[in-house]
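The data block below is protein-v5.cif; it holds mmCIF, C-alpha atoms.
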data_structure
#
loop_
_atom_site.label_atom_id
_atom_site.label_comp_id
_atom_site.auth_asym_id
_atom_site.auth_seq_id
_atom_site.Cartn_x
_atom_site.Cartn_y
_atom_site.Cartn_z
CA MET T 1 -2.18 28.57 224.65
CA ALA T 2 -0.33 30.31 221.86
CA THR T 3 -0.12 29.17 218.27
CA ASP T 4 3.08 27.29 217.41
CA ALA T 5 5.60 29.89 216.26
CA TYR T 6 7.07 27.43 213.77
CA PHE T 7 3.79 26.92 211.96
CA PRO T 8 1.77 30.10 212.49
CA SER T 9 -1.54 31.28 211.12
CA LEU T 10 -1.28 33.34 207.91
CA ALA T 11 -4.58 35.12 208.65
CA THR T 12 -4.26 38.82 207.82
CA GLY T 13 -7.68 40.29 208.55
CA GLN T 14 -11.40 40.06 207.91
CA ARG T 15 -13.19 40.74 204.63
CA SER T 16 -16.80 41.64 203.89
CA LEU T 17 -18.84 39.21 201.83
CA GLY T 18 -21.20 42.06 200.99
CA ASP T 19 -18.32 43.94 199.32
CA PRO T 20 -15.04 41.98 199.12
CA ALA T 21 -13.16 45.25 198.60
CA LEU T 22 -13.87 46.12 202.24
CA GLY T 23 -11.33 44.80 204.72
CA TYR T 24 -11.03 44.94 208.51
CA PRO T 25 -8.35 43.99 211.06
CA LEU T 26 -8.29 40.43 212.37
CA LEU T 27 -9.44 41.72 215.77
CA PRO T 28 -12.01 42.31 217.05
CA PRO T 29 -13.91 39.44 215.39
CA LEU T 30 -16.89 40.73 213.45
CA THR T 31 -19.71 38.87 215.17
CA GLN T 32 -22.49 41.00 213.66
CA GLY T 33 -21.37 40.99 210.04
CA CYS T 34 -19.95 43.76 207.91
CA PRO T 35 -20.81 47.11 209.52
CA ARG T 36 -20.63 49.03 206.24
CA THR T 37 -22.67 46.86 203.87
CA SER T 38 -25.27 45.42 206.24
CA THR T 39 -28.77 46.92 206.46
CA PRO T 40 -31.71 46.28 208.82
CA GLU T 41 -33.03 43.82 206.21
CA VAL T 42 -29.82 42.00 205.24
CA SER T 43 -26.77 41.29 207.39
CA TYR T 44 -23.74 40.49 205.24
CA PRO T 45 -21.18 38.23 206.93
CA ALA T 46 -17.44 38.73 207.12
CA GLU T 47 -14.80 36.05 206.59
CA VAL T 48 -11.12 35.68 207.43
CA ASP T 49 -8.55 36.52 204.75
CA TYR T 50 -5.02 35.12 204.43
CA ALA T 51 -1.61 35.80 202.92
CA TYR T 52 -2.13 33.08 200.32
CA ASP T 53 1.15 33.95 198.59
CA LYS T 54 3.02 32.80 201.72
CA VAL T 55 1.38 29.38 202.02
CA ASP T 56 3.82 26.46 201.79
CA VAL T 57 1.61 24.43 199.48
CA GLU T 58 3.91 21.42 199.41
CA ALA T 59 4.09 21.23 203.21
CA LEU T 60 0.31 21.44 203.58
CA PHE T 61 -1.00 19.52 200.59
CA GLY T 62 1.90 17.70 198.95
CA PRO T 63 2.50 13.93 199.07
CA SER T 64 4.77 14.25 202.08
CA ALA T 65 1.93 15.82 204.09
CA ARG T 66 -0.58 13.00 203.56
CA ASP T 67 0.40 11.01 206.64
CA GLY T 68 0.33 12.81 209.97
CA GLY T 69 0.41 16.35 208.64
CA PRO T 70 3.18 18.95 208.79
CA ALA T 71 5.45 18.63 211.81
CA GLY T 72 3.43 15.65 213.03
CA ARG T 73 0.28 17.72 213.55
CA ALA T 74 -3.17 16.20 213.45
CA GLY T 75 -6.74 17.51 213.22
CA LEU T 76 -7.22 21.22 212.72
CA ASP T 77 -3.70 22.02 213.87
CA ARG T 78 -2.22 20.54 210.70
CA TRP T 79 -4.01 23.28 208.70
CA ALA T 80 -2.97 26.14 211.03
CA PRO T 81 -1.59 28.46 208.30
CA LEU T 82 -5.03 28.62 206.65
CA LEU T 83 -7.00 29.09 209.87
CA PRO T 84 -7.36 31.96 212.33
CA PRO T 85 -4.85 31.77 215.19
CA LEU T 86 -5.73 28.64 217.19
CA LEU T 87 -5.22 30.16 220.62
CA ALA T 88 -7.66 27.87 222.43
CA PRO T 89 -6.50 24.31 223.11
CA GLY T 90 -8.03 21.63 220.93
CA LEU T 91 -9.71 18.31 221.63
CA GLY T 92 -8.44 16.38 218.63
CA GLU T 93 -11.17 17.66 216.33
CA GLY T 94 -11.03 16.93 212.60
CA GLY T 95 -9.44 14.04 210.75
CA THR T 96 -12.79 12.26 210.43
CA PRO T 97 -13.13 9.21 208.16
CA LEU T 98 -14.48 9.08 204.64
CA VAL T 99 -16.59 5.91 204.57
CA GLU T 100 -17.48 4.33 201.22
CA LEU T 101 -21.21 3.60 201.31
CA GLU T 102 -21.28 2.11 197.81
CA PRO T 103 -19.02 2.45 194.76
CA GLY T 104 -18.52 6.15 194.13
CA VAL T 105 -20.58 7.34 197.14
CA TYR T 106 -18.78 8.34 200.34
CA VAL T 107 -19.94 9.57 203.73
CA LYS T 108 -17.80 12.10 205.58
CA ASP T 109 -18.64 11.02 209.11
CA GLU T 110 -18.41 14.07 211.37
CA SER T 111 -19.85 12.18 214.33
CA ARG T 112 -16.27 11.05 215.04
CA ASN T 113 -15.39 14.52 216.40
CA PRO T 114 -14.91 14.97 220.18
CA THR T 115 -18.52 16.01 220.90
CA TRP T 116 -19.82 13.86 218.06
CA SER T 117 -20.59 16.63 215.56
CA HIS T 118 -19.07 18.93 212.93
CA LYS T 119 -19.52 21.89 215.29
CA ASP T 120 -16.20 21.05 216.96
CA ARG T 121 -14.35 22.40 213.93
CA LEU T 122 -16.21 25.70 214.23
CA ASN T 123 -15.89 26.02 217.99
CA ARG T 124 -12.14 25.44 218.02
CA CYS T 125 -11.93 28.61 215.91
CA THR T 126 -14.60 30.68 217.67
CA THR T 127 -13.33 29.84 221.15
CA SER T 128 -9.88 30.87 219.93
CA ALA T 129 -11.44 34.19 218.91
CA ALA T 130 -12.83 34.60 222.43
CA VAL T 131 -9.37 33.94 223.88
CA ALA T 132 -7.82 36.44 221.44
CA ALA T 133 -10.40 39.07 222.37
CA GLY T 134 -9.82 38.54 226.11
CA ALA T 135 -13.49 37.71 226.68
CA PRO T 136 -14.56 36.52 230.16
CA GLY T 137 -16.62 33.68 228.65
CA ILE T 138 -18.73 32.63 225.69
CA VAL T 139 -22.44 32.56 224.95
CA VAL T 140 -24.34 30.59 222.33
CA ALA T 141 -27.94 30.10 221.17
CA SER T 142 -28.32 26.46 220.13
CA SER T 143 -30.80 23.63 219.91
CA GLY T 144 -28.16 20.96 220.44
CA ASN T 145 -24.89 20.32 218.60
CA HIS T 146 -23.53 23.84 218.66
CA GLY T 147 -24.23 24.31 222.34
CA ALA T 148 -22.68 20.99 223.35
CA SER T 149 -19.57 21.72 221.33
CA ALA T 150 -19.24 25.30 222.59
CA ALA T 151 -19.57 24.08 226.18
CA ALA T 152 -16.80 21.53 225.65
CA TYR T 153 -14.37 23.98 224.08
CA ALA T 154 -15.13 26.62 226.70
CA ALA T 155 -14.40 24.09 229.43
CA ARG T 156 -11.17 23.12 227.69
CA ALA T 157 -10.13 26.79 227.56
CA GLY T 158 -11.16 27.46 231.16
CA LEU T 159 -14.00 29.80 230.20
CA PRO T 160 -17.60 29.84 231.43
CA CYS T 161 -20.27 29.09 228.82
CA VAL T 162 -23.91 30.19 228.69
CA VAL T 163 -26.25 28.23 226.38
CA PHE T 164 -29.66 29.60 225.43
CA THR T 165 -31.65 26.71 224.07
CA GLY T 166 -35.26 26.01 223.16
CA PRO T 167 -38.04 24.59 225.34
CA SER T 168 -37.83 21.11 223.74
CA LEU T 169 -34.18 20.34 224.41
CA PRO T 170 -33.58 16.56 224.07
CA PRO T 171 -32.82 15.07 227.51
CA ALA T 172 -29.61 13.47 226.25
CA VAL T 173 -28.33 16.83 224.99
CA ASP T 174 -29.39 18.50 228.25
CA SER T 175 -27.22 16.03 230.16
CA PHE T 176 -24.39 16.54 227.68
CA LEU T 177 -24.40 20.32 228.24
CA HIS T 178 -24.46 20.05 232.03
CA ALA T 179 -21.58 17.57 231.99
CA TYR T 180 -19.32 20.36 230.69
CA GLY T 181 -20.51 22.79 233.37
CA ALA T 182 -22.43 25.07 231.03
CA VAL T 183 -25.17 27.39 232.28
CA VAL T 184 -28.16 25.99 230.35
CA LEU T 185 -31.13 28.33 229.88
CA PRO T 186 -34.11 26.86 227.97
CA VAL T 187 -36.32 29.73 226.77
CA PRO T 188 -38.98 30.21 224.07
CA TRP T 189 -37.39 30.02 220.60
CA GLU T 190 -38.06 33.66 219.76
CA ALA T 191 -36.34 34.84 222.96
CA ARG T 192 -32.99 33.17 222.41
CA TRP T 193 -31.27 35.77 220.21
CA PRO T 194 -32.55 38.88 222.08
CA LEU T 195 -31.40 37.44 225.41
CA MET T 196 -28.08 36.40 223.94
CA ARG T 197 -27.51 39.96 222.68
CA GLN T 198 -28.14 41.27 226.19
CA VAL T 199 -25.56 38.89 227.66
CA VAL T 200 -23.03 40.15 225.10
CA GLU T 201 -23.83 43.82 225.69
CA ARG T 202 -24.18 43.72 229.48
CA LEU T 203 -21.63 41.09 230.52
CA GLY T 204 -19.11 41.06 227.67
CA LEU T 205 -19.31 37.36 226.89
CA HIS T 206 -18.15 36.43 223.40
CA PRO T 207 -20.93 35.23 221.05
CA VAL T 208 -20.09 32.09 219.09
CA SER T 209 -23.43 31.91 217.27
CA ASN T 210 -25.62 34.38 215.42
CA LEU T 211 -26.64 37.82 216.74
CA THR T 212 -28.34 39.35 213.70
CA THR T 213 -31.83 39.27 212.18
CA THR T 214 -30.65 37.52 209.03
CA HIS T 215 -27.84 35.07 209.61
CA THR T 216 -24.21 36.18 209.75
CA GLY T 217 -22.80 34.04 212.55
CA HIS T 218 -19.17 34.38 213.61
CA ALA T 219 -16.57 35.48 211.07
CA TYR T 220 -14.11 32.83 212.29
CA GLY T 221 -16.55 29.90 212.46
CA PRO T 222 -16.77 28.65 208.86
CA GLU T 223 -12.98 28.70 208.65
CA GLY T 224 -12.96 25.52 210.72
CA TYR T 225 -15.31 23.87 208.25
CA LYS T 226 -12.86 24.46 205.38
CA THR T 227 -10.79 21.63 206.77
CA ILE T 228 -13.50 19.18 205.70
CA ALA T 229 -12.72 20.10 202.10
CA TYR T 230 -8.97 19.73 202.72
CA GLU T 231 -9.52 16.25 204.19
CA ILE T 232 -11.83 15.14 201.38
CA HIS T 233 -9.21 16.24 198.86
CA ARG T 234 -6.46 14.44 200.77
CA ASP T 235 -8.43 11.19 200.86
CA LEU T 236 -10.28 11.28 197.54
CA GLY T 237 -9.23 14.20 195.37
CA VAL T 238 -11.92 16.57 194.12
CA PRO T 239 -15.34 14.86 194.05
CA GLY T 240 -17.98 15.65 191.47
CA ALA T 241 -20.39 16.87 194.14
CA VAL T 242 -20.73 17.34 197.89
CA PHE T 243 -24.15 17.12 199.58
CA VAL T 244 -24.33 19.11 202.83
CA PRO T 245 -27.03 19.23 205.54
CA THR T 246 -27.95 22.90 205.67
CA GLY T 247 -29.44 25.20 208.27
CA TYR T 248 -27.75 28.60 208.22
CA ALA T 249 -25.23 27.40 205.58
CA GLU T 250 -22.03 28.04 207.56
CA LEU T 251 -20.95 24.44 206.97
CA LEU T 252 -21.98 24.66 203.33
CA TYR T 253 -19.95 27.83 202.84
CA GLY T 254 -16.92 26.49 204.69
CA VAL T 255 -16.75 23.35 202.53
CA TRP T 256 -17.07 25.44 199.37
CA LYS T 257 -14.44 27.95 200.52
CA GLY T 258 -12.01 25.14 201.29
CA PHE T 259 -12.24 23.83 197.74
CA VAL T 260 -12.00 27.37 196.34
CA GLU T 261 -8.78 27.85 198.30
CA LEU T 262 -7.36 24.58 196.99
CA ARG T 263 -7.98 25.83 193.46
CA ARG T 264 -6.55 29.26 194.26
CA LEU T 265 -3.37 27.66 195.60
CA GLY T 266 -2.98 25.52 192.48
CA VAL T 267 -3.57 22.25 194.32
CA THR T 268 -6.65 21.51 192.18
CA ASP T 269 -8.13 22.91 188.99
CA ARG T 270 -11.81 22.73 189.87
CA VAL T 271 -14.42 22.99 192.63
CA PRO T 272 -17.16 20.37 193.15
CA ARG T 273 -20.83 21.21 192.88
CA ILE T 274 -22.20 21.95 196.34
CA PHE T 275 -25.76 20.84 197.13
CA ALA T 276 -27.56 22.44 200.08
CA CYS T 277 -29.88 19.91 201.76
CA GLU T 278 -32.56 21.68 203.84
CA PRO T 279 -35.71 20.38 205.57
CA ALA T 280 -38.76 21.18 203.45
CA ALA T 281 -40.38 22.40 206.69
CA ALA T 282 -38.82 25.82 205.99
CA ALA T 283 -36.01 25.87 203.35
CA PRO T 284 -35.22 29.61 203.26
CA LEU T 285 -32.04 29.16 201.21
CA ALA T 286 -33.98 27.37 198.46
CA ARG T 287 -36.37 30.32 198.42
CA ALA T 288 -33.55 32.91 198.32
CA LEU T 289 -31.98 31.18 195.31
CA ARG T 290 -35.31 30.71 193.58
CA GLU T 291 -36.26 34.38 193.98
CA GLY T 292 -32.79 35.86 193.42
CA LEU T 293 -32.48 37.25 196.96
CA PRO T 294 -29.37 37.55 199.17
CA VAL T 295 -31.36 36.13 202.11
CA ALA T 296 -34.90 34.95 202.65
CA HIS T 297 -37.41 34.17 205.39
CA ALA T 298 -39.70 31.14 205.37
CA ASP T 299 -42.57 29.89 207.49
CA ARG T 300 -41.84 26.77 209.49
CA THR T 301 -43.95 23.65 209.65
CA ALA T 302 -43.46 20.56 211.81
CA THR T 303 -40.24 18.57 211.41
CA ASP T 304 -38.05 16.28 213.50
CA ALA T 305 -34.93 17.67 211.80
CA TYR T 306 -34.60 20.21 214.59
CA SER T 307 -30.85 20.72 214.20
CA ILE T 308 -31.04 22.29 210.73
CA VAL T 309 -34.55 23.70 210.35
CA SER T 310 -34.41 27.48 210.09
CA THR T 311 -36.83 30.23 209.14
CA VAL T 312 -34.09 32.57 207.91
CA SER T 313 -31.10 32.04 205.63
CA GLY T 314 -27.76 33.77 205.29
CA TYR T 315 -25.81 35.17 202.36
CA ARG T 316 -23.06 32.57 202.66
CA GLY T 317 -25.34 29.85 201.29
CA VAL T 318 -26.21 31.86 198.18
CA LEU T 319 -22.53 32.42 197.42
CA ALA T 320 -21.61 28.74 197.86
CA VAL T 321 -24.43 27.25 195.80
CA ARG T 322 -24.17 29.77 192.97
CA GLY T 323 -20.38 29.79 193.01
CA SER T 324 -20.20 26.02 192.65
CA GLY T 325 -23.03 25.52 190.17
CA GLY T 326 -24.91 23.50 192.78
CA ARG T 327 -28.51 23.46 193.95
CA ALA T 328 -30.60 23.90 197.09
CA LEU T 329 -32.83 20.92 197.87
CA ALA T 330 -35.91 20.97 200.13
CA LEU T 331 -36.36 17.51 201.68
CA GLU T 332 -39.37 16.02 203.46
CA ASP T 333 -38.90 14.23 206.78
CA ALA T 334 -39.87 10.90 205.20
CA ARG T 335 -36.92 11.16 202.81
CA LEU T 336 -34.60 12.10 205.68
CA ALA T 337 -35.81 9.11 207.69
CA ALA T 338 -35.24 6.75 204.75
CA ALA T 339 -31.67 8.01 204.42
CA GLN T 340 -31.15 7.67 208.17
CA ARG T 341 -32.26 4.02 207.98
CA GLU T 342 -29.98 3.41 205.00
CA LEU T 343 -27.01 4.81 206.90
CA ALA T 344 -27.86 2.72 209.97
CA GLY T 345 -28.01 -0.35 207.76
CA ALA T 346 -24.44 0.43 206.73
CA GLY T 347 -23.32 0.78 210.35
CA LEU T 348 -23.55 4.59 210.66
CA TRP T 349 -25.87 5.89 213.39
CA THR T 350 -26.73 9.47 212.52
CA GLU T 351 -29.04 12.16 213.73
CA LEU T 352 -32.04 12.67 211.42
CA SER T 353 -30.71 16.08 210.34
CA SER T 354 -27.34 14.51 209.55
CA ALA T 355 -28.92 12.17 207.02
CA ALA T 356 -29.95 15.16 204.88
CA GLY T 357 -26.80 14.87 202.75
CA LEU T 358 -27.57 11.30 201.67
CA ALA T 359 -31.27 12.16 201.36
CA GLY T 360 -30.31 14.94 198.95
CA LEU T 361 -28.28 12.57 196.81
CA ARG T 362 -31.12 10.05 196.68
CA ALA T 363 -33.55 12.83 195.74
CA VAL T 364 -31.38 14.05 192.87
CA GLY T 365 -30.51 10.60 191.56
CA ASP T 366 -27.50 10.11 189.32
CA VAL T 367 -24.76 12.70 189.81
CA GLU T 368 -21.35 12.59 188.20
CA GLY T 369 -19.08 11.21 190.88
CA PRO T 370 -17.45 10.46 193.04
CA VAL T 371 -19.93 11.99 195.49
CA VAL T 372 -19.46 12.89 199.16
CA CYS T 373 -22.39 13.19 201.58
CA VAL T 374 -21.47 15.01 204.77
CA SER T 375 -23.01 13.42 207.87
CA THR T 376 -22.88 16.00 210.62
CA SER T 377 -23.60 14.29 213.93
CA SER T 378 -24.40 11.18 215.93
CA GLY T 379 -27.83 9.65 216.37
CA PHE T 380 -27.26 10.25 220.07
CA LYS T 381 -28.40 13.86 219.46
CA ASP T 382 -31.85 12.99 218.07
CA LEU T 383 -35.15 13.81 219.72
CA GLY T 384 -36.48 10.94 221.80
CA VAL T 385 -33.19 9.12 222.26
CA GLY T 386 -33.42 7.01 225.41
CA SER T 387 -37.20 7.27 225.62
CA ARG T 388 -37.98 3.89 224.00
CA PRO T 389 -36.64 1.10 226.24
CA THR T 390 -36.73 -2.45 224.89
CA ALA T 391 -39.16 -4.67 226.80
CA LEU T 392 -37.81 -7.59 228.80
CA VAL T 393 -37.93 -10.92 226.92
CA PRO T 394 -39.16 -14.06 228.77
CA PRO T 395 -36.09 -16.29 229.26
CA GLU T 396 -37.53 -19.32 227.46
CA TRP T 397 -36.01 -20.79 224.32
CA ASP T 398 -39.35 -20.89 222.46
CA GLU T 399 -39.77 -17.13 222.83
CA VAL T 400 -36.14 -16.44 221.87
CA GLU T 401 -36.47 -18.73 218.84
CA ARG T 402 -39.70 -17.00 217.80
CA ARG T 403 -38.11 -13.57 217.92
CA LEU T 404 -35.03 -14.69 216.03
CA ALA T 405 -37.22 -16.24 213.33
CA ALA T 406 -39.21 -13.02 213.07
CA ALA T 407 -35.90 -11.25 212.40
CA GLY T 408 -35.01 -13.74 209.66
CA ILE T 409 -32.48 -15.67 211.77
CA ARG T 410 -33.24 -19.41 211.49
#
Before we go any further, please render this structure as structure tokens.
Amino acid sequence: MATDAYFPSLATGQRSLGDPALGYPLLPPLTQGCPRTSTPEVSYPAEVDYAYDKVDVEALFGPSARDGGPAGRAGLDRWAPLLPPLLAPGLGEGGTPLVELEPGVYVKDESRNPTWSHKDRLNRCTTSAAVAAGAPGIVVASSGNHGASAAAYAARAGLPCVVFTGPSLPPAVDSFLHAYGAVVLPVPWEARWPLMRQVVERLGLHPVSNLTTTHTGHAYGPEGYKTIAYEIHRDLGVPGAVFVPTGYAELLYGVWKGFVELRRLGVTDRVPRIFACEPAAAAPLARALREGLPVAHADRTATDAYSIVSTVSGYRGVLAVRGSGGRALALEDARLAAAQRELAGAGLWTELSSAAGLAGLRAVGDVEGPVVCVSTSSGFKDLGVGSRPTALVPPEWDEVERRLAAAGIR
């Protein structure tokens, strides 16, 4: 399970986002943020740094690399030099399609990943970190997508996986988790992180989701999300804006960092505006930006966008939105549902939370394009999936004809 020696990672260490002058070795992964800049009130994340001067830009991003990737690699493996060492085996993650919804508006459909969500890009990297650290297994706190993905990549790597989830886990996701052999522990929401910390401290399992009071997450995780930016650039160039469903803003930050790296390497000369699309039921990142804070807390009200609703933000989101000249948008469920229906009408079945990108674009209106809306996961992951069976239709032509006419088919 070693990285290909002919196309190795150029990762050199970890760097604090609280103070970029502070660097750390690549191992152990900093799963609780920067130890020197973080305080009890604000946990500043760390990120992975690279020997950018050694990147073969032509091999990675030149015309010859557009089909099949360097050395015939696909998915995340084609971007190995700009990722942490990929020591865990992959599942063919990445390489998702960019679907044109209408002229100048594209959907980056992350439901095409192995477990049907963007989290596969993150978990290829975080499970690799667990392998590098020699951990006996992994642990995650997740309401759905992250847990399902972590369980799959743990199974692929031969590691046990513990998933702390909430009391209202969708039945379909529950079945998904058990299929991979994960230990699934539904607990009250407020108990997930404290119990996860105890598993890490007492049993040594590697955490692949957040451990801190304000969000830091895993230092390696957002690196996997950078590849979305690389793929968008490969297929479209640099768009005018990217709209991203946002919870803790790891995806948001990863997409932004990917475009920043492309500019740093001389592949592009600009970075698109990045729009954070949060449920209005909480929207802590919007509050942090509005009040000039590194992180913020927000009260939560009812929402069906369970995958991305969060009462606390992280510093990554502030950096990405400010650094790109973007905005944070707080979106009501009705707007999310309208975007979900629009996507379904175009043949894309998405989770309600995944429709936040398109909902954000529709809320803003005209934006200089082209525009990319990231769609994070399949409608399979939504609450209530499978709970509304279609009633049996009497097998008479008159009834069939009536129903077809009601649907506009005459």
Residues within 10 Å of (-27.4, 45.2, 211.1), file coordinates, counting only C-alpha atoms: what are they? Give the list as an mmCIF file with C-alpha atoms, in the frame of the given file.
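Full text of selection.cif as output:
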data_model
loop_
_atom_site.group_PDB
_atom_site.id
_atom_site.type_symbol
_atom_site.label_atom_id
_atom_site.label_comp_id
_atom_site.auth_asym_id
_atom_site.auth_seq_id
_atom_site.Cartn_x
_atom_site.Cartn_y
_atom_site.Cartn_z
ATOM 1 C CA GLN T 32 -22.490 41.000 213.660
ATOM 2 C CA GLY T 33 -21.370 40.990 210.040
ATOM 3 C CA CYS T 34 -19.950 43.760 207.910
ATOM 4 C CA PRO T 35 -20.810 47.110 209.520
ATOM 5 C CA ARG T 36 -20.630 49.030 206.240
ATOM 6 C CA THR T 37 -22.670 46.860 203.870
ATOM 7 C CA SER T 38 -25.270 45.420 206.240
ATOM 8 C CA THR T 39 -28.770 46.920 206.460
ATOM 9 C CA PRO T 40 -31.710 46.280 208.820
ATOM 10 C CA GLU T 41 -33.030 43.820 206.210
ATOM 11 C CA VAL T 42 -29.820 42.000 205.240
ATOM 12 C CA SER T 43 -26.770 41.290 207.390
ATOM 13 C CA TYR T 44 -23.740 40.490 205.240
ATOM 14 C CA LEU T 211 -26.640 37.820 216.740
ATOM 15 C CA THR T 212 -28.340 39.350 213.700
ATOM 16 C CA THR T 213 -31.830 39.270 212.180
ATOM 17 C CA THR T 214 -30.650 37.520 209.030
ATOM 18 C CA THR T 216 -24.210 36.180 209.750
#
TODO: Would you kindly return, as an MDAnalysis selection string, each protein, DNA or RNA residue with an atom no farther than 8 Å from any atom of region 87-96 of chain T, considering all atoms listed in the file and excluding same-chain residues fewer than 2 positions away?
DONE: chainID T and resid 1:3 74:76 85 98 108:110 112:114 120:121 124:125 127:129 131:132 153 156:157 227:228 231
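Nearest to Ala355 (chain T) of all the residues T:Pro194, T:Tyr230, T:Ser111, T:Ala298 is T:Ser111, based on all atoms listed in the file.
Using all atoms listed in the file, the nearest neighbour of Glu332 (chain T) within the list T:Leu319, T:Val242, T:Ala363, T:Ala65 is T:Ala363.
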Kindly resolve the PyMOL selection byres ((chain T and resi 21-29) around 7) on the present coordinates and return the residues as a short mmCIF file (atom, residue, chain, number, x, y, z; two decimals) with C-alpha atoms, in the coordinates of the input.
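Result file follows (part_23.cif):
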data_model
loop_
_atom_site.label_atom_id
_atom_site.label_comp_id
_atom_site.auth_asym_id
_atom_site.auth_seq_id
_atom_site.Cartn_x
_atom_site.Cartn_y
_atom_site.Cartn_z
CA THR T 12 -4.26 38.82 207.82
CA GLY T 13 -7.68 40.29 208.55
CA GLN T 14 -11.40 40.06 207.91
CA ARG T 15 -13.19 40.74 204.63
CA SER T 16 -16.80 41.64 203.89
CA ASP T 19 -18.32 43.94 199.32
CA PRO T 20 -15.04 41.98 199.12
CA LEU T 30 -16.89 40.73 213.45
CA THR T 31 -19.71 38.87 215.17
CA ALA T 129 -11.44 34.19 218.91
CA ALA T 133 -10.40 39.07 222.37
CA ALA T 219 -16.57 35.48 211.07
#
Task: Contact residues around Ala148 (chain T) with all atoms listed in the file at 12 Å, ignoring same-chain residues under 6 positions, as a ChimeraX atom specification - done: /T:113-120,123,139-142,154-155,161-165,169-170,172-184,377,381
Atoms kept (C-alpha atoms) for selection, written as a compact mmCIF listing (two decimals), in the coordinates of the input:
# COMPACT_ATOMS: atom_id res chain seq x y z
CA ASN T 113 -15.39 14.52 216.40
CA PRO T 114 -14.91 14.97 220.18
CA THR T 115 -18.52 16.01 220.90
CA TRP T 116 -19.82 13.86 218.06
CA SER T 117 -20.59 16.63 215.56
CA HIS T 118 -19.07 18.93 212.93
CA LYS T 119 -19.52 21.89 215.29
CA ASP T 120 -16.20 21.05 216.96
CA ASN T 123 -15.89 26.02 217.99
CA VAL T 139 -22.44 32.56 224.95
CA VAL T 140 -24.34 30.59 222.33
CA ALA T 141 -27.94 30.10 221.17
CA SER T 142 -28.32 26.46 220.13
CA ALA T 154 -15.13 26.62 226.70
CA ALA T 155 -14.40 24.09 229.43
CA CYS T 161 -20.27 29.09 228.82
CA VAL T 162 -23.91 30.19 228.69
CA VAL T 163 -26.25 28.23 226.38
CA PHE T 164 -29.66 29.60 225.43
CA THR T 165 -31.65 26.71 224.07
CA LEU T 169 -34.18 20.34 224.41
CA PRO T 170 -33.58 16.56 224.07
CA ALA T 172 -29.61 13.47 226.25
CA VAL T 173 -28.33 16.83 224.99
CA ASP T 174 -29.39 18.50 228.25
CA SER T 175 -27.22 16.03 230.16
CA PHE T 176 -24.39 16.54 227.68
CA LEU T 177 -24.40 20.32 228.24
CA HIS T 178 -24.46 20.05 232.03
CA ALA T 179 -21.58 17.57 231.99
CA TYR T 180 -19.32 20.36 230.69
CA GLY T 181 -20.51 22.79 233.37
CA ALA T 182 -22.43 25.07 231.03
CA VAL T 183 -25.17 27.39 232.28
CA VAL T 184 -28.16 25.99 230.35
CA SER T 377 -23.60 14.29 213.93
CA LYS T 381 -28.40 13.86 219.46
Open item on the list: Rounded to one decimal, what separation in Å do you get between CA of Phe243 (chain T) and CA of Pro279 (chain T)?
Closed with: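 Atom-to-atom, CA of Phe243 (chain T) to CA of Pro279 (chain T), that is 13.4 Å.
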Task: Among listed residues T:Ala11, T:Leu101, T:Leu195, T:Ala405, nearest Leu358 (chain T) (using all atoms listed in the file) - done: T:Leu101
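The space between CA of Arg73 (chain T) and CA of Pro8 (chain T) spans 12.5 Å.
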Write out N, CA, C and O atoms for region 126-132 of chain T, as a PDB file, in the frame of the given file.
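Result file is selection20.pdb:
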ATOM      1  N   THR T 126     -13.892  29.587 216.994  1.00  0.00           N
ATOM      2  CA  THR T 126     -14.600  30.680 217.670  1.00  0.00           C
ATOM      3  C   THR T 126     -14.158  30.838 219.120  1.00  0.00           C
ATOM      4  O   THR T 126     -14.081  31.964 219.634  1.00  0.00           O
ATOM      5  N   THR T 127     -13.857  29.729 219.791  1.00  0.00           N
ATOM      6  CA  THR T 127     -13.330  29.840 221.150  1.00  0.00           C
ATOM      7  C   THR T 127     -11.948  30.477 221.132  1.00  0.00           C
ATOM      8  O   THR T 127     -11.590  31.255 222.031  1.00  0.00           O
ATOM      9  N   SER T 128     -11.175  30.188 220.094  1.00  0.00           N
ATOM     10  CA  SER T 128      -9.880  30.870 219.930  1.00  0.00           C
ATOM     11  C   SER T 128     -10.072  32.372 219.771  1.00  0.00           C
ATOM     12  O   SER T 128      -9.270  33.169 220.272  1.00  0.00           O
ATOM     13  N   ALA T 129     -11.133  32.765 219.060  1.00  0.00           N
ATOM     14  CA  ALA T 129     -11.440  34.190 218.910  1.00  0.00           C
ATOM     15  C   ALA T 129     -11.763  34.819 220.254  1.00  0.00           C
ATOM     16  O   ALA T 129     -11.358  35.958 220.545  1.00  0.00           O
ATOM     17  N   ALA T 130     -12.505  34.093 221.101  1.00  0.00           N
ATOM     18  CA  ALA T 130     -12.830  34.600 222.430  1.00  0.00           C
ATOM     19  C   ALA T 130     -11.564  34.790 223.263  1.00  0.00           C
ATOM     20  O   ALA T 130     -11.411  35.793 223.981  1.00  0.00           O
ATOM     21  N   VAL T 131     -10.647  33.822 223.169  1.00  0.00           N
ATOM     22  CA  VAL T 131      -9.370  33.940 223.880  1.00  0.00           C
ATOM     23  C   VAL T 131      -8.588  35.145 223.363  1.00  0.00           C
ATOM     24  O   VAL T 131      -8.041  35.944 224.141  1.00  0.00           O
ATOM     25  N   ALA T 132      -8.549  35.312 222.027  1.00  0.00           N
ATOM     26  CA  ALA T 132      -7.820  36.440 221.440  1.00  0.00           C
ATOM     27  C   ALA T 132      -8.414  37.778 221.858  1.00  0.00           C
ATOM     28  O   ALA T 132      -7.682  38.758 222.061  1.00  0.00           O
TER      29      ALA T 132
END
